[in-house]
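Below: the structure, in structure tokens.
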Amino acid sequence: MKTIVIALGGNAIAGRDYSAAAQQAAVRSTINKLWPVFASQNHFVLVHGNGPQVGNLLLQQAAGATETNPAMPLDTAGAMTEGSIGYWLQQAIDETMLAHHDTRRAATVITQTLVDSADPAFKHPTKPIGPFYNEQEISRQRQLHPEQTFKADAGRGYRRVVASPAPVKILEAGVINQLAMSGQIPVVAGGGGIPVCQDQNGQLVGQAAVIDKDLAAAKVAADLDADELIILTAVPNVYLHFNSKQQTALTTVDADQMEAYLQAGEFAAGSMAPKVQACLNFVKQTGHPAKIAALADAGRLDQVGTNIIPCKK
């Protein structure tokens with residue numbers, strides 16, 4: 001049997017309604033779409049995003065924080081949303097398995113992702129989180145939070161930005177592998193996992209950072225020596241000249257050619273580029289293929305999507 005890591009994009013969890021009921025309904029719909037994949041009886045590991053959820057949680061905490069009931073730091077908020085989304089996914093997976101008389105079940109692993117404290121990303125935060133602020137609001141935010149960094153965001157106002165370091169190692173990879181090999185479905189590295197560094201005493205310290213979910217999924221897949229990485233998103237393929245009259249869908253591309261497209265700037269930095277980079281990282285490290293496809297096409301993944309394959313030797 002193969003080991004397959006599946007990364008779910010934000011559209012798998014939430015739309016415009018961020019109530020718990022709406023997000024749980026979206027998760028159930030997602031898992032129902034994935035049943036044809038699960039039915040293959042391979043070993044599966046799920047990775048998911050948490051961007052909107054952690055942003056909303058930080059807002060809720062900030063609005064209600066007091067000296068005696070302070071808001072939690074970003075790494076802890078990330079862990080909280082890893083747990084809540086994992087809980088929704090576990091319920092949806094277990095319900096789907098029961099409906100198909102399948103004995104497999106899901107288990108969430110609150111995952112720590114080791115990052116390098118010397119990663120240049122810590123000095124150049126780029127990942128936007130939280131709300132937009134106008135000129136007046138940003139002045140107040142900078143006074144209240146001098147330790148935080150705020151930047152203009154595409155003419156829409158200002159947002160807090162945090163570091164987005166590269167994942168170095170998935171610390172719970174051994175546990176994840178044991179669960180997958182036992183026939184269960186682990187839900188791991190939510191939102192990229194909780195970024196941690198080792199201090200001079202070797203202890204793990206959470207960081208105020210957000211790891212890219214797709215890069216973390218690639219690291220999970222590589223650390224498990226998975227047979228395939230599948231990134232499910234909102235579009236059916238990776239495209240050249242996206243959103244232009246020359247738009248061209250890519251179907252099967254070797255890693256060198258895809259790298260050339262990436263370096264040429266064919267893919268948007270905050271959208272498709274990290275997905276392509278994640279696939280390239282996995283393919284080059286393991287020699288196994290990766291796929292980017294639409295969640296809506298999950299029932300026929302063998303026929304659709306963009307396949308990134310190793311280069312012929």
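Labeling convention for the structure tokens: chains A, B, ... as they appear, residues from 1 per chain, ligands from 1 in order of appearance.
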
Met80 of chain A surroundings by only C-alpha atoms, 12 Å radius, close-in-sequence under 3 positions cut, as a list in words: Asn50, Gln53, Val54, Gly55, Asn56, Leu57, Leu58, Met72, Pro73, Leu74, Asp75, Thr76, Ala77, Gly83, Ser84, Ile85, Gly86, Tyr87, Ile110, Thr111, Gly190, Gly191, Gly193 and Ile194 of chain A

Residues of segment 164-242 of chain A that approach segment 33-42 of chain A to 12 Å or less, counting only C-alpha atoms: could you list each one with the shortest pair of atoms and its distance in Å to one decimal, rows by chain and increasing residue number, as CSV?
```
residue,atom,partner,partner_atom,distance
A:Ala180,CA,A:Asn42,CA,9.3
A:Met181,CA,A:Asn42,CA,9.5
A:Ser182,CA,A:Asn42,CA,11.1
A:Gly183,CA,A:Asn42,CA,8.3
A:Gln184,CA,A:Asn42,CA,10.3
A:Ile185,CA,A:Phe38,CA,9.4
A:Ala226,CA,A:Asn42,CA,11.1
A:Asp227,CA,A:Asn42,CA,10.3
A:Glu228,CA,A:Asn42,CA,11.0
A:Ile230,CA,A:Val37,CA,11.0
A:Leu232,CA,A:Leu34,CA,10.3
```

Selection file, C-alpha atoms, as an mmCIF file, in the first residue's frame:
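Here's the written file result21.cif:
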```cif
data_model
loop_
_atom_site.group_PDB
_atom_site.id
_atom_site.type_symbol
_atom_site.label_atom_id
_atom_site.label_comp_id
_atom_site.auth_asym_id
_atom_site.auth_seq_id
_atom_site.Cartn_x
_atom_site.Cartn_y
_atom_site.Cartn_z
ATOM 1 C CA ALA A 180 -0.720 5.827 9.430
ATOM 2 C CA MET A 181 0.926 2.401 9.281
ATOM 3 C CA SER A 182 -1.623 1.037 11.757
ATOM 4 C CA GLY A 183 -4.377 1.930 9.301
ATOM 5 C CA GLN A 184 -5.648 5.063 11.031
ATOM 6 C CA ILE A 185 -5.824 8.520 9.411
ATOM 7 C CA ALA A 226 5.542 9.104 1.484
ATOM 8 C CA ASP A 227 4.851 7.749 -1.998
ATOM 9 C CA GLU A 228 2.901 10.820 -3.084
ATOM 10 C CA ILE A 230 -1.382 15.720 -3.141
ATOM 11 C CA LEU A 232 -5.995 20.059 -3.065
#
```

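Nearest-residue note for Pro52 of chain A: choosing from A:Arg16, A:Lys284, A:Lys291, A:Arg28, the minimum distance belongs to A:Arg16, counting only C-alpha atoms.
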
Residue list (strand (DSSP E or B), DSSP) for segment 124-210 of chain A, as a PyMOL selection string: chain A and resi 127-133+149-152+158-163+169-170+185-188+194-198+204-206+209

Any idea what's packed within 8 Å of segment 295-309 of chain A, counting only C-alpha atoms, ignoring anything in its chain fewer than 6 positions away? Could you give it as a PDB file with N, CA and C atoms, in the first residue's frame?
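Saved result, result-v8.pdb, follows:
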```pdb
ATOM      1  N   LEU A   8      -5.030  20.004   2.494  1.00  0.00           N
ATOM      2  CA  LEU A   8      -6.309  20.651   2.213  1.00  0.00           C
ATOM      3  C   LEU A   8      -6.177  22.162   2.330  1.00  0.00           C
ATOM      4  N   ALA A  12     -11.449  24.104   1.924  1.00  0.00           N
ATOM      5  CA  ALA A  12     -11.945  22.831   2.447  1.00  0.00           C
ATOM      6  C   ALA A  12     -12.621  22.996   3.797  1.00  0.00           C
ATOM      7  N   THR A  30     -16.219  18.277   2.535  1.00  0.00           N
ATOM      8  CA  THR A  30     -14.871  17.975   2.042  1.00  0.00           C
ATOM      9  C   THR A  30     -14.544  16.492   2.198  1.00  0.00           C
ATOM     10  N   LYS A  33     -16.249  14.288  -0.226  1.00  0.00           N
ATOM     11  CA  LYS A  33     -15.598  14.332  -1.541  1.00  0.00           C
ATOM     12  C   LYS A  33     -14.360  13.443  -1.568  1.00  0.00           C
ATOM     13  N   LEU A  34     -13.721  13.292  -0.410  1.00  0.00           N
ATOM     14  CA  LEU A  34     -12.485  12.505  -0.348  1.00  0.00           C
ATOM     15  C   LEU A  34     -12.725  11.003  -0.208  1.00  0.00           C
ATOM     16  N   TRP A  35     -13.970  10.581   0.014  1.00  0.00           N
ATOM     17  CA  TRP A  35     -14.194   9.157   0.229  1.00  0.00           C
ATOM     18  C   TRP A  35     -13.639   8.280  -0.907  1.00  0.00           C
ATOM     19  N   PRO A  36     -13.823   8.649  -2.188  1.00  0.00           N
ATOM     20  CA  PRO A  36     -13.260   7.789  -3.246  1.00  0.00           C
ATOM     21  C   PRO A  36     -11.745   7.607  -3.115  1.00  0.00           C
ATOM     22  N   VAL A  37     -11.079   8.615  -2.558  1.00  0.00           N
ATOM     23  CA  VAL A  37      -9.630   8.507  -2.330  1.00  0.00           C
ATOM     24  C   VAL A  37      -9.375   7.539  -1.176  1.00  0.00           C
ATOM     25  N   LEU A 232      -4.663  19.774  -2.537  1.00  0.00           N
ATOM     26  CA  LEU A 232      -5.995  20.059  -3.065  1.00  0.00           C
ATOM     27  C   LEU A 232      -6.333  21.523  -2.818  1.00  0.00           C
ATOM     28  N   THR A 233      -6.759  22.196  -3.863  1.00  0.00           N
ATOM     29  CA  THR A 233      -6.989  23.635  -3.778  1.00  0.00           C
ATOM     30  C   THR A 233      -8.271  23.993  -4.515  1.00  0.00           C
ATOM     31  N   ALA A 234      -8.414  25.259  -4.912  1.00  0.00           N
ATOM     32  CA  ALA A 234      -9.673  25.716  -5.517  1.00  0.00           C
ATOM     33  C   ALA A 234      -9.675  25.630  -7.037  1.00  0.00           C
ATOM     34  N   PRO A 236      -8.432  23.611 -10.803  1.00  0.00           N
ATOM     35  CA  PRO A 236      -8.179  22.243 -11.243  1.00  0.00           C
ATOM     36  C   PRO A 236      -6.758  21.948 -11.690  1.00  0.00           C
ATOM     37  N   ASN A 237      -5.985  22.997 -11.993  1.00  0.00           N
ATOM     38  CA  ASN A 237      -4.613  22.789 -12.476  1.00  0.00           C
ATOM     39  C   ASN A 237      -3.729  23.956 -12.067  1.00  0.00           C
ATOM     40  N   VAL A 238      -2.437  23.744 -12.224  1.00  0.00           N
ATOM     41  CA  VAL A 238      -1.480  24.855 -12.256  1.00  0.00           C
ATOM     42  C   VAL A 238      -1.501  25.403 -13.682  1.00  0.00           C
ATOM     43  N   ALA A 249      -3.237  25.220 -19.102  1.00  0.00           N
ATOM     44  CA  ALA A 249      -3.189  24.265 -18.000  1.00  0.00           C
ATOM     45  C   ALA A 249      -1.998  23.333 -18.150  1.00  0.00           C
ATOM     46  N   LEU A 250      -1.288  23.121 -17.063  1.00  0.00           N
ATOM     47  CA  LEU A 250      -0.197  22.159 -17.038  1.00  0.00           C
ATOM     48  C   LEU A 250      -0.738  20.827 -16.531  1.00  0.00           C
ATOM     49  N   THR A 251      -0.379  19.754 -17.215  1.00  0.00           N
ATOM     50  CA  THR A 251      -0.875  18.429 -16.825  1.00  0.00           C
ATOM     51  C   THR A 251       0.228  17.590 -16.182  1.00  0.00           C
ATOM     52  N   THR A 252       1.253  17.238 -16.949  1.00  0.00           N
ATOM     53  CA  THR A 252       2.397  16.497 -16.400  1.00  0.00           C
ATOM     54  C   THR A 252       3.676  17.240 -16.754  1.00  0.00           C
ATOM     55  N   VAL A 253       4.424  17.611 -15.728  1.00  0.00           N
ATOM     56  CA  VAL A 253       5.639  18.416 -15.909  1.00  0.00           C
ATOM     57  C   VAL A 253       6.735  17.830 -15.033  1.00  0.00           C
ATOM     58  N   ASP A 254       7.957  17.719 -15.578  1.00  0.00           N
ATOM     59  CA  ASP A 254       9.038  17.226 -14.717  1.00  0.00           C
ATOM     60  C   ASP A 254       9.542  18.359 -13.826  1.00  0.00           C
ATOM     61  N   ALA A 255      10.251  17.983 -12.783  1.00  0.00           N
ATOM     62  CA  ALA A 255      10.638  18.943 -11.747  1.00  0.00           C
ATOM     63  C   ALA A 255      11.510  20.066 -12.292  1.00  0.00           C
ATOM     64  N   MET A 258       9.285  22.565 -14.166  1.00  0.00           N
ATOM     65  CA  MET A 258       8.446  23.312 -13.237  1.00  0.00           C
ATOM     66  C   MET A 258       9.270  24.321 -12.449  1.00  0.00           C
ATOM     67  N   CYS A 279       5.703  21.117  -3.763  1.00  0.00           N
ATOM     68  CA  CYS A 279       5.777  19.902  -4.576  1.00  0.00           C
ATOM     69  C   CYS A 279       7.198  19.639  -5.053  1.00  0.00           C
ATOM     70  N   LEU A 280       7.876  20.695  -5.484  1.00  0.00           N
ATOM     71  CA  LEU A 280       9.255  20.535  -5.937  1.00  0.00           C
ATOM     72  C   LEU A 280      10.154  20.039  -4.806  1.00  0.00           C
ATOM     73  N   VAL A 283       9.364  16.275  -4.401  1.00  0.00           N
ATOM     74  CA  VAL A 283       9.806  15.452  -5.537  1.00  0.00           C
ATOM     75  C   VAL A 283      11.320  15.333  -5.556  1.00  0.00           C
ATOM     76  N   GLY A 287      12.183  11.714  -4.808  1.00  0.00           N
ATOM     77  CA  GLY A 287      12.080  11.041  -6.091  1.00  0.00           C
ATOM     78  C   GLY A 287      10.697  10.492  -6.371  1.00  0.00           C
ATOM     79  N   HIS A 288       9.695  10.946  -5.597  1.00  0.00           N
ATOM     80  CA  HIS A 288       8.319  10.500  -5.772  1.00  0.00           C
ATOM     81  C   HIS A 288       7.476  11.642  -6.345  1.00  0.00           C
ATOM     82  N   PRO A 289       6.354  11.354  -6.987  1.00  0.00           N
ATOM     83  CA  PRO A 289       5.563  12.392  -7.647  1.00  0.00           C
ATOM     84  C   PRO A 289       4.678  13.177  -6.691  1.00  0.00           C
TER      85      PRO A 289
END
```

Among listed residues A:Leu171, A:Ile231, A:Glu95, A:Leu59, nearest Leu114 of chain A (using only C-alpha atoms):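 Distance minimum relative to Leu114 of chain A lands on A:Leu171.
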
All residues 7 Å or closer to Ala106 of chain A, only C-alpha atoms, same chain fewer than 5 positions away omitted, as an MDAnalysis selection string: chainID A and resid 90 93:94 184:187

Å distance separating atom CA of Pro310 of chain A from atom CA of Phe282 of chain A, one decimal place: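 Straight-line distance from atom CA of Pro310 of chain A to atom CA of Phe282 of chain A works out to 9.8 Å.
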
Alpha helix (DSSP H) residues, from DSSP on the backbone, in segment 102-181 of chain A, as a VMD selection string: chain A and resid 135 to 144 173 to 181

Polymer residues at most 12 Å from Lys169 of chain A, only C-alpha atoms, same-chain spacing of 4 or more positions, as an MDAnalysis selection string: chainID A and resid 111:116 165 173:174 189 192:198 211 215:224

Top pick for closest residue to Ala79 of chain A, considering A:Pro131, A:Gln207, A:Ala273, A:Gln257 and counting only C-alpha atoms: A:Gln207

Best match for closeness to Thr81 of chain A among A:Ala152, A:Ile170, A:Val188, A:Ala22, counting only C-alpha atoms: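 Closest to Thr81 of chain A, using only C-alpha atoms: A:Val188.
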
Atomic separation - atom CA of Asp214 of chain A relative to atom CA of Trp88 of chain A, Å: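 Result for atom CA of Trp88 of chain A versus atom CA of Asp214 of chain A: 20.1 Å, one decimal.
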
Residue neighbourhood Ala209 of chain A, 6 Å, only C-alpha atoms, exclusion window fewer than 2 positions, as a ChimeraX atom specification: /A:162-164,207
